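**Q** Attaching a single structure in structure tokens format; questions to follow.
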Amino acid sequence: MKYISTRGNAPELSFAEAMLTGLARDGGLYVPKSIPTLSQDEIAAMAGLPYEEIAFRVMKPFIGDCFTDEEFQGIIARAYEGFRHTARAPLVQMGPNHYLLELFHGPTLAFKDFAMQLIGQLFQFELERRKERVTIVGATSGDTGSAAIEAFRGLNNVDVFILFPDGRVSDIQRKQMTTPADKNVHALALEGDFDDCQARLKDMFNDFEFRDGVKLAGVNSINWARVLAQVVYYFSSALSLGAPNRKVSFTVPTGNFGDIFAGFIAKQMGLPIEKLVIATNQNDILHRTMETGACTKAGVTPSISPSMDIQVSSNFERALFFAYDKDGDAVTKLMEEFNEGSFTISQGAMEWLRDQFASGRASEEETKKTIRNEFAETGEVLCPHSAIGVKVANEQLSEVPMITLATAHPAKFPDAVEDAMGARPALPPHMGDMMEREERVCQVPNQLALLETLIKDRIAAR
Ligand SMILES: Cc1ncc(COP(=O)(O)O)c(C=O)c1O
Ligand SMILES: N[C@@H](CCOP(=O)(O)O)C(=O)O
């Protein structure tokens, strides 16, 4: 199994190499050269199996010979043993044909734990085997950062630096990133928004002297291994509702497009998915693009769903690569135009995208109303991101069962939830004292050179 860049101008890599590399050296994102498929019988045979076994069968075709079966099964077992729900990703019925996939039972209460716990184990295994160390730099709008810190804290062969937008994450998200005392964890509050954090991260990858000097690695969904781990719960949830003999649809609260792209991969592998619905908040560049064919930056407006406050949606590039028939030059050109503010998608590519994805958006008021109404009608307390999914899913319901991804625990966003429904969701007991814990954070300007110097100095001081 080989991986190629969406910009067509970087070396082909194995799974392990692509995982440790992060962003391709031509600025693109790694994707599998061809997407492996599972037969309907192979999918049917997974019904009723534990999550870990489904994970093994779904991901194995993508890893080539990088790990033996025994090694990979051990890695998966260790990744999910800390989850607080035996099903790992349980389904809850919201209506006659609508289900919620609860993805917040991992250690940091967000769907990011599914991938981050796995790549934490994969990195440890691979770095020990190679006797190497790396510097992880991550950009976060709140959840990726906390999940990455939890997965990599305390490791000797990894330093983890997390850039988050100062003042634009929830208090709990900030505390999750700034309170771990481990010496290898560095929380950096950047002056700017998430797009600035992600842009500086990509700049660091494109500065080869810095990249090679610190042995830079990435754990955002630019890293293919992140996307792969997220493919699994599309299978596990669809199987619970009768796949492959019954089709299902998914609605996915979307920001950086990683989670819904994982759904696209599940479909390409043979999982019978009727619809994949992109749900955005008021920062609705993806919804506008799907409607008009023009992808135009409009600046980020802070919302009550801060983890989705994104305009430069990294993984959309992976979708474009497939929409343009794997033409790396065409993708490079679009991305260059986007750097200037906007690009227009060709009619053929747009038809392909509309065939693969539907879309919708939720305003701030609609999000709050959904939290309030769903609690009254079903008893389920939704986080604002999940509520956006539910609002958009409700507009797309049909005779095919709809699964909406609940991407975070409501207690990560207590102010927004309380404002919407008048009650404050409680944190699980292991995080009950979170607000009293002491913080360690460094405020940083949005300047590449200063950030690189800070990272190099911190590593040298270790
Ligand atoms: C809670 C939550 N929901 C939804 C999203 C959007 O996911 P993606 O970026 O994979 O589209 C994120 C972060 O990206 C998130 O943290
Ligand atoms: N919402 C994310 C943004 C980063 O997304 P990623 O999936 O590319 O890591 C966050 O919470 O940080």
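By order of appearance in the structure tokens: chains A, B, ..., then residues from 1 within every chain, and ligands from 1 in the order shown.
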Check every protein, DNA and RNA residue against ligand 1, keep those with an atom at most 6 Å away (counting only C-alpha atoms and all ligand atoms), and present them as a PyMOL selection string.

**A** chain A and resi 143+253-259+307-308+385+407-408

**Q** Filtering to C-alpha atoms, could you give me those residues as an mmCIF file, in the first residue's frame?

**A**
data_model
loop_
_atom_site.group_PDB
_atom_site.id
_atom_site.type_symbol
_atom_site.label_atom_id
_atom_site.label_comp_id
_atom_site.auth_asym_id
_atom_site.auth_seq_id
_atom_site.Cartn_x
_atom_site.Cartn_y
_atom_site.Cartn_z
ATOM 1 C CA ASP A 143 -10.395 19.531 20.574
ATOM 2 C CA PRO A 253 -20.629 18.579 11.869
ATOM 3 C CA THR A 254 -17.784 19.811 9.711
ATOM 4 C CA GLY A 255 -14.834 22.180 10.048
ATOM 5 C CA ASN A 256 -11.555 20.885 8.672
ATOM 6 C CA PHE A 257 -13.406 18.237 6.580
ATOM 7 C CA GLY A 258 -11.436 15.324 8.098
ATOM 8 C CA ASP A 259 -14.347 13.543 9.721
ATOM 9 C CA SER A 307 -14.229 23.962 17.180
ATOM 10 C CA MET A 308 -15.929 24.511 13.807
ATOM 11 C CA HIS A 385 -21.391 21.121 17.317
ATOM 12 C CA THR A 407 -18.610 15.049 18.089
ATOM 13 C CA ALA A 408 -18.136 16.377 21.626
#

**Q** Which residues are near A:Asp195? Cut-off 10 Å, only C-alpha atoms, ignore same chain within fewer than 2 positions. Put them as a PyMOL selection string.

**A** chain A and resi 139-141+164-165+192-193+197-201+256+299-300+309-314

**Q** Using only C-alpha atoms, find the one residue out of A:His186, A:Ile35, A:Glu191, A:Ile119 that sits nearest to A:Gln447.

**A** A:Glu191

**Q** So that I can see what lies close to A:Ala349, please list as a ChimeraX atom specification the residues with an atom at most 9 Å from it, counting only C-alpha atoms and leaving out residues fewer than 5 positions away in the same chain.

**A** /A:320,322-325,354

**Q** Go ahead and write the selection's residues with N, CA and C atoms as a short mmCIF file (atom, residue, chain, number, x, y, z; two decimals), in the first residue's frame.

**A**
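So the final result, stored in out-v5.cif, reads:
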data_model
loop_
_atom_site.label_atom_id
_atom_site.label_comp_id
_atom_site.auth_asym_id
_atom_site.auth_seq_id
_atom_site.Cartn_x
_atom_site.Cartn_y
_atom_site.Cartn_z
N LEU A 320 -11.13 17.43 -3.33
CA LEU A 320 -10.90 18.01 -4.66
C LEU A 320 -10.01 17.10 -5.51
N PHE A 322 -9.95 13.94 -5.59
CA PHE A 322 -10.79 12.91 -6.23
C PHE A 322 -11.75 13.53 -7.24
N ALA A 323 -12.26 14.72 -6.91
CA ALA A 323 -13.19 15.39 -7.83
C ALA A 323 -12.51 15.72 -9.15
N TYR A 324 -11.20 15.99 -9.10
CA TYR A 324 -10.44 16.31 -10.31
C TYR A 324 -9.67 15.10 -10.83
N ASP A 325 -10.24 13.92 -10.56
CA ASP A 325 -9.68 12.69 -11.13
C ASP A 325 -8.19 12.51 -10.83
N ARG A 354 -21.25 17.09 -5.69
CA ARG A 354 -22.67 17.08 -5.28
C ARG A 354 -23.23 15.67 -5.28
#

**Q** Residues within 6 Å of stretch 365-381 of chain A, please, as a list of chain:residue names. Count only C-alpha atoms; anything in the same chain fewer than 6 positions from it doesn't count.

**A**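 The residues satisfying every condition are A:Ala387, A:Ile388, A:Ala420, A:Met421.
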
**Q** With only C-alpha atoms as the counted atoms, please give the residues lying no more than 12 Å from A:Gly142, apart from itself and same-chain residues fewer than 2 positions off, as a PyMOL selection string.

**A** chain A and resi 108-112+138-140+144-149+162-178+187-189+193-194+197+220+255+305-310+408+412-413

**Q** Restricting it to C-alpha atoms, dump the selection as a JSON list (two decimals), in the first residue's frame.

**A**
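Here's the written file part02.json:
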[["chain", "number", "residue", "atom", "x", "y", "z"],
["A", 108, "THR", "CA", -10.88, 14.19, 26.36],
["A", 109, "LEU", "CA", -14.60, 13.95, 25.56],
["A", 110, "ALA", "CA", -14.40, 14.55, 21.80],
["A", 111, "PHE", "CA", -14.35, 12.43, 18.65],
["A", 112, "LYS", "CA", -10.68, 13.32, 18.20],
["A", 138, "GLY", "CA", -0.53, 20.81, 16.12],
["A", 139, "ALA", "CA", -3.06, 23.52, 15.33],
["A", 140, "THR", "CA", -6.34, 23.40, 17.16],
["A", 144, "THR", "CA", -7.47, 18.28, 18.49],
["A", 145, "GLY", "CA", -5.06, 20.00, 20.88],
["A", 146, "SER", "CA", -6.46, 18.47, 24.05],
["A", 147, "ALA", "CA", -6.69, 15.03, 22.45],
["A", 148, "ALA", "CA", -3.10, 15.26, 21.16],
["A", 149, "ILE", "CA", -1.75, 16.36, 24.53],
["A", 162, "ILE", "CA", -0.12, 23.01, 20.39],
["A", 163, "LEU", "CA", -1.12, 26.32, 18.80],
["A", 164, "PHE", "CA", -4.60, 27.42, 19.80],
["A", 165, "PRO", "CA", -6.37, 30.72, 19.06],
["A", 166, "ASP", "CA", -6.12, 32.86, 22.19],
["A", 167, "GLY", "CA", -9.57, 33.53, 23.70],
["A", 168, "ARG", "CA", -11.42, 31.48, 21.07],
["A", 169, "VAL", "CA", -11.66, 28.07, 22.73],
["A", 170, "SER", "CA", -13.96, 27.11, 25.60],
["A", 171, "ASP", "CA", -12.59, 27.36, 29.17],
["A", 172, "ILE", "CA", -12.62, 23.56, 29.53],
["A", 173, "GLN", "CA", -10.78, 23.08, 26.22],
["A", 174, "ARG", "CA", -8.16, 25.62, 27.31],
["A", 175, "LYS", "CA", -7.76, 23.97, 30.72],
["A", 176, "GLN", "CA", -7.34, 20.57, 29.06],
["A", 177, "MET", "CA", -4.42, 21.97, 27.08],
["A", 178, "THR", "CA", -2.79, 24.18, 29.69],
["A", 187, "ALA", "CA", 0.49, 24.98, 25.02],
["A", 188, "LEU", "CA", 0.83, 28.12, 22.89],
["A", 189, "ALA", "CA", -1.99, 30.68, 22.78],
["A", 193, "ASP", "CA", -7.93, 32.49, 14.81],
["A", 194, "PHE", "CA", -7.70, 28.77, 14.03],
["A", 197, "CYS", "CA", -2.74, 28.53, 13.69],
["A", 220, "ASN", "CA", -3.86, 17.23, 12.62],
["A", 255, "GLY", "CA", -14.83, 22.18, 10.05],
["A", 305, "SER", "CA", -19.40, 26.00, 18.29],
["A", 306, "PRO", "CA", -15.78, 27.23, 18.36],
["A", 307, "SER", "CA", -14.23, 23.96, 17.18],
["A", 308, "MET", "CA", -15.93, 24.51, 13.81],
["A", 309, "ASP", "CA", -14.82, 28.14, 13.41],
["A", 310, "ILE", "CA", -12.75, 27.34, 10.34],
["A", 408, "ALA", "CA", -18.14, 16.38, 21.63],
["A", 412, "LYS", "CA", -16.94, 20.89, 27.15],
["A", 413, "PHE", "CA", -19.18, 23.84, 26.25]]

**Q** Set the distance at 10 Å and use only C-alpha atoms: which residues neighbour A:Gln40 once local chain neighbours fewer than 6 positions away are removed? I'd like the list as JSON, numbers by chain.

**A** {"A": [243, 244, 245, 270, 271, 272]}

**Q** Can you spit out the residues from that selection as a PDB file, in the first residue's frame, using N, CA and C atoms?

**A**
ATOM      1  N   ALA A 243     -26.291  -2.720   8.108  1.00  0.00           N
ATOM      2  CA  ALA A 243     -25.410  -2.753   6.924  1.00  0.00           C
ATOM      3  C   ALA A 243     -24.727  -4.124   6.872  1.00  0.00           C
ATOM      4  N   PRO A 244     -24.421  -4.594   5.711  1.00  0.00           N
ATOM      5  CA  PRO A 244     -24.529  -3.969   4.402  1.00  0.00           C
ATOM      6  C   PRO A 244     -25.880  -4.212   3.735  1.00  0.00           C
ATOM      7  N   ASN A 245     -26.809  -4.878   4.451  1.00  0.00           N
ATOM      8  CA  ASN A 245     -28.097  -5.177   3.809  1.00  0.00           C
ATOM      9  C   ASN A 245     -29.039  -3.980   3.818  1.00  0.00           C
ATOM     10  N   GLY A 270     -16.804   0.381   0.171  1.00  0.00           N
ATOM     11  CA  GLY A 270     -17.916  -0.537  -0.096  1.00  0.00           C
ATOM     12  C   GLY A 270     -19.048  -0.454   0.901  1.00  0.00           C
ATOM     13  N   LEU A 271     -18.936   0.418   1.917  1.00  0.00           N
ATOM     14  CA  LEU A 271     -20.036   0.542   2.885  1.00  0.00           C
ATOM     15  C   LEU A 271     -21.205   1.248   2.184  1.00  0.00           C
ATOM     16  N   PRO A 272     -22.393   0.624   2.190  1.00  0.00           N
ATOM     17  CA  PRO A 272     -23.508   1.264   1.466  1.00  0.00           C
ATOM     18  C   PRO A 272     -24.030   2.511   2.187  1.00  0.00           C
TER      19      PRO A 272
END

**Q** Name the residues of stretch 329-389 of chain A that fall into strand (DSSP E or B) according to DSSP on the backbone, using the chain letters and numbers of this document, as a list of chain:residue names.

**A** A:Ser342, A:Phe343, A:Thr344, A:Phe357, A:Ala358, A:Ser359, A:Gly360, A:Arg361

**Q** Using atom 8 (O, counted along the ligand's line) of ligand 2 and atom CA of A:Ser5 as the two end points, give the distance in Å to one decimal.

**A** 16.7 Å

**Q** Closest to A:Met269 among A:Asn394, A:Asn446, A:Thr68, A:Ser34, using only C-alpha atoms?

**A**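 When distances to A:Met269 are compared using only C-alpha atoms, the smallest one comes from A:Ser34.
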